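Next comes work35.csv, a file with CSV, C-alpha atoms.
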chain,number,residue,atom,x,y,z
X,148,MET,CA,118.0,52.7,120.4
X,149,LYS,CA,116.2,51.5,117.3
X,150,ARG,CA,112.9,49.7,117.2
X,151,LYS,CA,112.3,46.6,115.1
X,152,HIS,CA,108.9,46.5,113.6
X,153,ALA,CA,107.5,43.0,113.2
X,154,ALA,CA,104.3,42.3,111.4
X,155,ARG,CA,101.4,42.5,113.9
X,156,LEU,CA,97.6,43.0,114.1
X,157,PRO,CA,96.6,46.7,114.3
X,158,PHE,CA,94.8,46.3,117.7
X,159,ASP,CA,95.9,45.7,121.3
X,160,ARG,CA,96.6,42.1,122.1
X,161,SER,CA,94.1,42.1,125.1
X,162,ALA,CA,91.4,42.2,122.4
X,163,ARG,CA,92.6,39.1,120.6
X,164,ALA,CA,90.7,36.5,122.6
X,165,PRO,CA,87.3,38.2,122.6
X,166,ALA,CA,87.8,39.1,118.9
X,167,ALA,CA,88.3,35.4,118.2
X,168,ILE,CA,85.2,34.4,120.1
X,169,LEU,CA,83.1,37.0,118.3
X,170,PHE,CA,84.5,36.0,114.9
X,171,GLY,CA,83.6,32.4,115.7
X,172,THR,CA,80.1,33.4,116.8
X,173,ALA,CA,79.6,35.3,113.6
X,174,ALA,CA,80.8,32.3,111.5
X,175,ALA,CA,78.5,30.0,113.4
X,176,GLY,CA,75.5,32.3,113.0
X,177,TRP,CA,76.3,32.5,109.2
X,178,PHE,CA,76.6,28.7,109.0
X,179,ILE,CA,73.2,28.1,110.6
X,180,SER,CA,71.6,31.0,108.7
X,181,TRP,CA,70.7,32.9,111.9
X,182,ALA,CA,71.0,36.5,110.8
X,183,PRO,CA,70.5,38.2,114.3
X,184,LEU,CA,73.4,36.2,115.7
X,185,TRP,CA,76.0,36.9,113.1
X,186,ILE,CA,75.0,40.5,112.6
X,187,ALA,CA,75.2,41.2,116.3
X,188,ALA,CA,78.6,39.5,116.5
X,189,ILE,CA,80.0,41.5,113.6
X,190,ILE,CA,78.8,44.8,115.1
X,191,LEU,CA,80.4,43.9,118.5
X,192,LEU,CA,83.6,42.8,116.7
X,193,ALA,CA,83.7,46.2,114.9
X,194,VAL,CA,83.2,48.1,118.2
X,195,LEU,CA,85.9,46.0,120.0
X,196,THR,CA,88.3,46.6,117.1
X,197,PHE,CA,87.7,50.3,117.1
X,198,PHE,CA,88.2,50.8,120.9
X,199,SER,CA,91.3,48.5,120.9
X,200,ARG,CA,93.0,49.8,117.8
X,201,ASP,CA,96.8,50.1,118.0
X,202,PRO,CA,98.3,51.7,114.9
X,203,GLU,CA,102.0,51.8,114.2
X,204,ARG,CA,103.6,55.2,114.8
X,205,PHE,CA,106.8,56.5,113.2
X,206,MET,CA,108.4,59.8,114.2
X,207,VAL,CA,111.6,61.5,113.2
X,208,ALA,CA,112.3,64.0,115.9
X,209,PRO,CA,115.3,65.9,117.4
X,210,PRO,CA,117.3,63.9,120.0
X,211,ASP,CA,116.1,66.1,122.8
X,212,ALA,CA,112.4,65.8,121.9
X,213,ILE,CA,110.0,64.3,124.4
X,214,LEU,CA,107.0,62.7,122.7
X,215,SER,CA,103.5,62.4,123.9
X,216,PRO,CA,102.8,59.2,125.9
X,217,ALA,CA,99.2,59.1,124.8
X,218,ASP,CA,96.6,60.3,122.3
X,219,GLY,CA,94.2,62.9,123.6
X,220,ARG,CA,93.7,66.5,124.6
X,221,VAL,CA,96.1,68.4,126.9
X,222,ILE,CA,93.9,69.5,129.8
X,223,GLU,CA,96.5,70.9,132.3
X,224,ILE,CA,100.1,71.9,132.4
X,225,ARG,CA,101.7,72.6,135.8
X,226,GLU,CA,105.0,74.4,135.7
X,227,ARG,CA,106.4,72.6,138.7
X,228,ALA,CA,104.9,69.4,140.1
X,229,ALA,CA,106.6,67.0,142.5
X,230,SER,CA,105.8,63.4,141.5
X,231,GLU,CA,104.4,61.2,144.3
X,232,PHE,CA,106.8,58.5,143.0
X,233,GLY,CA,110.1,59.2,141.3
X,234,ALA,CA,112.5,62.1,141.2
X,235,SER,CA,110.8,64.4,138.6
X,236,GLU,CA,110.6,68.0,139.8
X,237,GLY,CA,109.7,69.8,136.6
X,238,PRO,CA,106.5,70.5,134.6
X,239,CYS,CA,103.6,68.0,134.6
X,240,ILE,CA,101.5,67.6,131.4
X,241,SER,CA,98.0,66.0,131.8
X,242,ILE,CA,96.3,64.4,128.8
X,243,PHE,CA,92.7,63.3,128.7
X,244,LEU,CA,91.9,60.3,126.5
X,245,SER,CA,88.3,60.3,125.3
X,246,LEU,CA,86.3,57.2,124.3
X,247,PHE,CA,87.3,57.8,120.7
X,248,ASP,CA,91.1,58.2,121.1
X,249,VAL,CA,93.7,55.4,120.7
X,250,HIS,CA,94.3,54.1,124.2
X,251,VAL,CA,97.8,52.8,123.8
X,252,ASN,CA,100.4,54.4,126.1
X,253,ARG,CA,103.9,55.0,124.9
X,254,ALA,CA,107.3,55.9,126.3
X,255,PRO,CA,108.0,59.6,126.0
X,256,TYR,CA,111.8,59.1,125.8
X,257,ALA,CA,114.3,56.3,125.5
X,258,GLY,CA,115.5,54.9,128.8
X,259,VAL,CA,115.2,52.2,131.5
X,260,VAL,CA,112.2,51.5,133.7
X,261,GLU,CA,113.4,52.0,137.3
X,262,ALA,CA,110.1,51.0,138.9
X,263,VAL,CA,106.4,50.4,138.3
X,264,VAL,CA,104.1,51.3,141.2
X,265,TYR,CA,100.5,50.3,141.2
X,266,ARG,CA,98.1,52.3,143.4
X,267,PRO,CA,94.4,51.2,143.8
X,268,GLY,CA,91.8,53.9,143.8
X,269,GLY,CA,88.4,55.1,142.5
X,270,HIS,CA,87.0,55.6,139.0
X,271,ARG,CA,86.0,59.3,138.8
X,272,ASP,CA,85.7,61.2,135.6
X,273,ALA,CA,89.3,61.5,134.3
X,274,ARG,CA,88.8,65.2,133.4
X,275,ARG,CA,88.2,66.1,137.1
X,276,SER,CA,91.1,67.3,139.2
X,277,ASP,CA,90.2,64.8,141.9
X,278,SER,CA,90.7,61.9,139.4
X,279,THR,CA,94.3,61.9,140.7
X,280,ALA,CA,92.9,59.6,143.5
X,281,ASN,CA,91.8,57.1,140.9
X,282,GLU,CA,93.4,53.7,140.3
X,283,SER,CA,96.7,54.3,138.6
X,284,ASN,CA,100.1,53.0,137.5
X,285,TRP,CA,103.3,55.0,138.0
X,286,ILE,CA,106.0,54.2,135.4
X,287,LEU,CA,109.4,55.6,136.6
X,288,LEU,CA,111.9,56.1,133.8
X,289,ARG,CA,115.6,56.9,133.9
X,290,CYS,CA,116.5,58.7,130.7
X,291,GLY,CA,120.2,59.3,130.6
X,292,ALA,CA,121.0,61.9,133.3
X,293,TYR,CA,117.4,62.6,134.0
X,294,HIS,CA,114.2,61.0,135.3
X,295,MET,CA,110.6,61.3,134.2
X,296,THR,CA,107.4,59.6,135.2
X,297,VAL,CA,104.4,58.4,133.2
X,298,ARG,CA,101.3,58.0,135.2
X,299,GLN,CA,98.4,55.9,133.8
X,300,ILE,CA,95.1,56.9,135.5
X,301,ALA,CA,91.8,55.0,135.1
X,302,GLY,CA,88.6,56.9,134.4
X,303,ARG,CA,84.9,56.5,134.9
X,304,PHE,CA,84.6,53.8,132.3
X,305,ALA,CA,88.2,52.6,132.2
X,306,ARG,CA,88.3,49.7,134.6
X,307,ARG,CA,91.6,48.2,133.5
X,308,VAL,CA,94.9,50.0,133.6
X,309,ILE,CA,97.4,47.7,131.8
X,310,CYS,CA,101.2,48.2,132.2
X,311,ARG,CA,103.3,46.2,129.8
X,312,VAL,CA,106.8,47.0,131.2
X,313,SER,CA,108.5,46.2,134.5
X,314,LYS,CA,111.6,47.2,136.4
X,315,GLY,CA,114.6,46.9,134.2
X,316,SER,CA,112.8,47.1,130.9
X,317,VAL,CA,114.6,49.1,128.2
X,318,VAL,CA,112.2,51.3,126.3
X,319,ASP,CA,112.6,53.2,123.0
X,320,ARG,CA,111.1,56.6,122.5
X,321,GLY,CA,107.6,56.1,121.3
X,322,GLY,CA,107.6,52.4,122.3
X,323,ARG,CA,104.5,50.8,123.8
X,324,VAL,CA,104.4,50.7,127.6
X,325,GLY,CA,100.7,50.0,128.3
X,326,PHE,CA,97.0,50.3,127.5
X,327,ILE,CA,94.0,51.8,129.3
X,328,ARG,CA,90.5,50.8,128.2
X,329,LEU,CA,88.1,53.5,127.3
X,330,GLY,CA,88.2,57.1,128.6
X,331,SER,CA,91.2,57.8,130.9
X,332,ARG,CA,94.0,60.2,131.8
X,333,VAL,CA,97.8,60.1,131.4
X,334,GLU,CA,100.2,62.4,133.3
X,335,LEU,CA,103.8,63.1,132.3
X,336,TYR,CA,106.2,64.4,134.9
X,337,LEU,CA,109.2,66.0,133.3
X,338,PRO,CA,112.7,66.9,134.6
X,339,ALA,CA,113.3,70.4,135.9
X,340,GLY,CA,114.4,72.7,133.1
X,341,SER,CA,112.3,70.9,130.4
X,342,ALA,CA,110.9,73.3,127.8
X,343,VAL,CA,107.2,72.6,127.2
X,344,VAL,CA,106.0,73.4,123.7
X,345,VAL,CA,102.3,72.4,123.9
X,346,ARG,CA,99.4,74.3,125.4
X,347,PRO,CA,96.1,73.3,127.2
X,348,GLY,CA,93.4,72.4,124.7
X,349,GLN,CA,95.8,71.0,122.1
X,350,HIS,CA,95.2,67.5,120.7
X,351,VAL,CA,98.3,65.3,120.7
X,352,ARG,CA,99.1,61.8,119.3
X,353,GLY,CA,101.1,59.3,121.3
X,354,GLY,CA,104.5,58.6,119.8
X,355,ASN,CA,104.0,61.4,117.3
X,356,SER,CA,103.5,64.8,119.0
X,357,ILE,CA,106.4,66.6,120.6
X,358,LEU,CA,105.4,67.8,124.1
X,359,ALA,CA,108.7,69.2,125.3
X,360,HIS,CA,112.4,69.3,125.0
X,361,MET,CA,114.9,67.9,127.5
X,362,PRO,CA,117.0,70.3,129.5
X,363,LYS,CA,120.0,71.7,127.7
X,364,THR,CA,122.6,69.5,129.5
X,365,GLY,CA,122.8,65.8,130.2
X,366,VAL,CA,120.7,64.8,127.2
X,367,ARG,CA,121.0,61.1,126.0
X,368,PRO,CA,119.5,60.3,122.6
Exercise: express the given structure as structure tokens:
Amino acid sequence: MKRKHAARLPFDRSARAPAAILFGTAAAGWFISWAPLWIAAIILLAVLTFFSRDPERFMVAPPDAILSPADGRVIEIRERAASEFGASEGPCISIFLSLFDVHVNRAPYAGVVEAVVYRPGGHRDARRSDSTANESNWILLRCGAYHMTVRQIAGRFARRVICRVSKGSVVDRGGRVGFIRLGSRVELYLPAGSAVVVRPGQHVRGGNSILAHMPKTGVRP
């Protein structure tokens, strides 16, 4: 599957309305020569743009490469982890997204969305092991002969977990599937037999970094 890249603004679309309001406020403050108003609006606009940034990502990778679904630091790798939803029975890679990471979530591999399951929950620090009880979305993917699951987990400050795909959506490897505001956590449940190539503590980039390789058989590019 090949992605078509259309011209777009380099930040998440959820920020467009507040950005327009702040831009209008800055313009009004400038027009009436009220410096505190337009300066405050420009500062808030810069902060909003920074935390909502959504850069294009391009990656040439082997057909069996599984890409990172998020920017952040790998905080845990479990060799065998049964997903609460979905059929994944292989490794699970947990990625912590700090306040300063890009918060766009991406498909780790090309496939079809089999289901999206929303589960309400708390808002504990996403670095803690009990953050698995936080509010989350489970995105279940069928990738050729295998299944994998991307779980978006809200954090202490992240109060909105946004999923941009639904059942039946066809996703490209590295394509956008969602967005989490501010600090958060993403878990990737892989098929049994996947070969993990990252380690805890390593910083990864969504849609750019290779986390693992698909099992030797049944691979679909």
Original post:
Pick from X:Pro362, X:Gly176, X:Pro267, X:Gly258: nearest to Ile286 (chain X), with all atoms listed in the file counted?
Top reply: X:Gly258
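With all atoms listed in the file as the basis for measurement, X:Asp201 is the residue among X:Glu334, X:Asp201, X:Glu223, X:Glu282 that approaches His250 (chain X) most closely.
In this structure, CA of Phe243 (chain X) sits 5.3 Å away from CA of Gly219 (chain X).
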**OP:** Excluding Pro209 (chain X) and residues on its chain fewer than 3 positions from it, collect all residues at most 10 Å away from it, counting only C-alpha atoms, and give them as a list in words.
**Re:** Met206, Ala212, Ile213, Ile357, His360 and Pro368 of chain X
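Note that CA of Gly325 (chain X) and CA of Gly354 (chain X) are 12.7 Å apart.
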Put region 241-364 of chain X into a file with C-alpha atoms, as an mmCIF file, in the first residue's frame.
data_model
loop_
_atom_site.group_PDB
_atom_site.id
_atom_site.type_symbol
_atom_site.label_atom_id
_atom_site.label_comp_id
_atom_site.auth_asym_id
_atom_site.auth_seq_id
_atom_site.Cartn_x
_atom_site.Cartn_y
_atom_site.Cartn_z
ATOM 1 C CA SER X 241 5.618 -0.069 25.944
ATOM 2 C CA ILE X 242 6.551 3.484 24.914
ATOM 3 C CA PHE X 243 6.275 6.533 27.179
ATOM 4 C CA LEU X 244 5.543 9.849 25.475
ATOM 5 C CA SER X 245 6.800 12.837 27.445
ATOM 6 C CA LEU X 246 5.310 16.315 27.247
ATOM 7 C CA PHE X 247 7.912 17.205 24.624
ATOM 8 C CA ASP X 248 7.421 14.265 22.244
ATOM 9 C CA VAL X 249 5.222 14.333 19.148
ATOM 10 C CA HIS X 250 1.880 12.838 20.229
ATOM 11 C CA VAL X 251 0.657 11.491 16.902
ATOM 12 C CA ASN X 252 0.095 7.717 16.872
ATOM 13 C CA ARG X 253 0.843 5.660 13.766
ATOM 14 C CA ALA X 254 0.157 2.209 12.371
ATOM 15 C CA PRO X 255 3.124 -0.108 12.973
ATOM 16 C CA TYR X 256 2.330 -2.217 9.916
ATOM 17 C CA ALA X 257 0.017 -2.162 6.906
ATOM 18 C CA GLY X 258 -3.297 -3.892 7.456
ATOM 19 C CA VAL X 259 -6.990 -3.618 8.232
ATOM 20 C CA VAL X 260 -8.561 -2.417 11.485
ATOM 21 C CA GLU X 261 -10.625 -5.304 12.846
ATOM 22 C CA ALA X 262 -11.985 -3.405 15.850
ATOM 23 C CA VAL X 263 -11.499 -0.356 18.059
ATOM 24 C CA VAL X 264 -12.323 -0.851 21.735
ATOM 25 C CA TYR X 265 -12.585 2.114 24.107
ATOM 26 C CA ARG X 266 -12.142 1.465 27.819
ATOM 27 C CA PRO X 267 -12.728 4.224 30.397
ATOM 28 C CA GLY X 268 -10.320 4.480 33.308
ATOM 29 C CA GLY X 269 -8.153 6.731 35.441
ATOM 30 C CA HIS X 270 -5.331 9.141 34.657
ATOM 31 C CA ARG X 271 -2.285 7.879 36.558
ATOM 32 C CA ASP X 272 1.277 8.724 35.562
ATOM 33 C CA ALA X 273 1.807 6.826 32.285
ATOM 34 C CA ARG X 274 5.246 5.629 33.447
ATOM 35 C CA ARG X 275 3.746 3.597 36.288
ATOM 36 C CA SER X 276 2.886 -0.063 35.826
ATOM 37 C CA ASP X 277 -0.648 0.526 37.132
ATOM 38 C CA SER X 278 -1.280 3.055 34.335
ATOM 39 C CA THR X 279 -2.629 0.079 32.376
ATOM 40 C CA ALA X 280 -5.886 0.799 34.255
ATOM 41 C CA ASN X 281 -6.038 4.273 32.680
ATOM 42 C CA GLU X 282 -8.468 5.390 30.004
ATOM 43 C CA SER X 283 -7.415 3.744 26.732
ATOM 44 C CA ASN X 284 -8.211 2.747 23.168
ATOM 45 C CA TRP X 285 -7.346 -0.678 21.774
ATOM 46 C CA ILE X 286 -6.800 -0.699 17.991
ATOM 47 C CA LEU X 287 -6.874 -4.280 16.691
ATOM 48 C CA LEU X 288 -5.076 -4.794 13.364
ATOM 49 C CA ARG X 289 -5.054 -7.706 10.956
ATOM 50 C CA CYS X 290 -1.742 -7.616 9.105
ATOM 51 C CA GLY X 291 -1.703 -10.343 6.480
ATOM 52 C CA ALA X 292 -1.573 -13.685 8.300
ATOM 53 C CA TYR X 293 -0.970 -12.064 11.686
ATOM 54 C CA HIS X 294 -2.605 -9.783 14.216
ATOM 55 C CA MET X 295 -1.204 -6.991 16.352
ATOM 56 C CA THR X 296 -2.716 -4.443 18.694
ATOM 57 C CA VAL X 297 -1.904 -0.796 19.375
ATOM 58 C CA ARG X 298 -3.114 0.475 22.731
ATOM 59 C CA GLN X 299 -3.345 4.230 23.361
ATOM 60 C CA ILE X 300 -3.201 4.960 27.103
ATOM 61 C CA ALA X 301 -3.990 8.339 28.659
ATOM 62 C CA GLY X 302 -1.594 9.782 31.225
ATOM 63 C CA ARG X 303 -1.754 12.165 34.178
ATOM 64 C CA PHE X 304 -2.085 15.227 31.950
ATOM 65 C CA ALA X 305 -3.454 13.568 28.816
ATOM 66 C CA ARG X 306 -7.224 13.844 29.116
ATOM 67 C CA ARG X 307 -8.093 13.099 25.524
ATOM 68 C CA VAL X 308 -7.259 9.873 23.725
ATOM 69 C CA ILE X 309 -8.232 10.380 20.085
ATOM 70 C CA CYS X 310 -8.600 7.476 17.659
ATOM 71 C CA ARG X 311 -8.870 8.382 13.973
ATOM 72 C CA VAL X 312 -9.640 4.926 12.552
ATOM 73 C CA SER X 313 -12.610 2.580 12.846
ATOM 74 C CA LYS X 314 -13.514 -0.999 12.058
ATOM 75 C CA GLY X 315 -12.731 -1.738 8.407
ATOM 76 C CA SER X 316 -10.236 1.104 7.971
ATOM 77 C CA VAL X 317 -7.268 0.202 5.767
ATOM 78 C CA VAL X 318 -4.026 1.566 7.197
ATOM 79 C CA ASP X 319 -0.572 1.968 5.679
ATOM 80 C CA ARG X 320 2.569 1.269 7.651
ATOM 81 C CA GLY X 321 3.403 4.545 9.379
ATOM 82 C CA GLY X 322 -0.007 6.059 8.628
ATOM 83 C CA ARG X 323 -1.736 8.168 11.284
ATOM 84 C CA VAL X 324 -4.241 6.353 13.497
ATOM 85 C CA GLY X 325 -4.701 8.731 16.431
ATOM 86 C CA PHE X 326 -3.460 11.417 18.787
ATOM 87 C CA ILE X 327 -2.972 11.691 22.569
ATOM 88 C CA ARG X 328 -2.667 15.101 24.198
ATOM 89 C CA LEU X 329 0.383 15.662 26.419
ATOM 90 C CA GLY X 330 2.231 12.888 28.302
ATOM 91 C CA SER X 331 0.929 9.385 27.660
ATOM 92 C CA ARG X 332 1.798 5.761 26.872
ATOM 93 C CA VAL X 333 1.421 3.484 23.857
ATOM 94 C CA GLU X 334 1.678 -0.297 23.968
ATOM 95 C CA LEU X 335 2.287 -2.466 20.925
ATOM 96 C CA TYR X 336 1.294 -6.137 21.134
ATOM 97 C CA LEU X 337 3.097 -8.191 18.492
ATOM 98 C CA PRO X 338 2.497 -11.620 16.933
ATOM 99 C CA ALA X 339 4.262 -14.584 18.506
ATOM 100 C CA GLY X 340 7.636 -15.116 16.853
ATOM 101 C CA SER X 341 8.286 -11.419 16.192
ATOM 102 C CA ALA X 342 11.944 -10.433 16.558
ATOM 103 C CA VAL X 343 12.284 -7.324 18.750
ATOM 104 C CA VAL X 344 15.291 -5.130 17.880
ATOM 105 C CA VAL X 345 14.953 -2.290 20.439
ATOM 106 C CA ARG X 346 15.784 -2.206 24.144
ATOM 107 C CA PRO X 347 14.399 -0.408 27.214
ATOM 108 C CA GLY X 348 15.652 3.165 27.489
ATOM 109 C CA GLN X 349 15.935 3.642 23.723
ATOM 110 C CA HIS X 350 14.221 6.682 22.199
ATOM 111 C CA VAL X 351 12.107 5.926 19.126
ATOM 112 C CA ARG X 352 10.230 7.937 16.504
ATOM 113 C CA GLY X 353 6.755 7.059 15.300
ATOM 114 C CA GLY X 354 6.723 5.889 11.694
ATOM 115 C CA ASN X 355 10.545 5.995 11.532
ATOM 116 C CA SER X 356 12.084 3.625 14.052
ATOM 117 C CA ILE X 357 12.021 -0.129 13.499
ATOM 118 C CA LEU X 358 10.904 -1.897 16.687
ATOM 119 C CA ALA X 359 10.741 -5.481 15.449
ATOM 120 C CA HIS X 360 10.464 -7.784 12.464
ATOM 121 C CA MET X 361 7.483 -9.952 11.599
ATOM 122 C CA PRO X 362 7.737 -13.742 12.044
ATOM 123 C CA LYS X 363 9.523 -15.494 9.197
ATOM 124 C CA THR X 364 6.368 -16.930 7.604
#
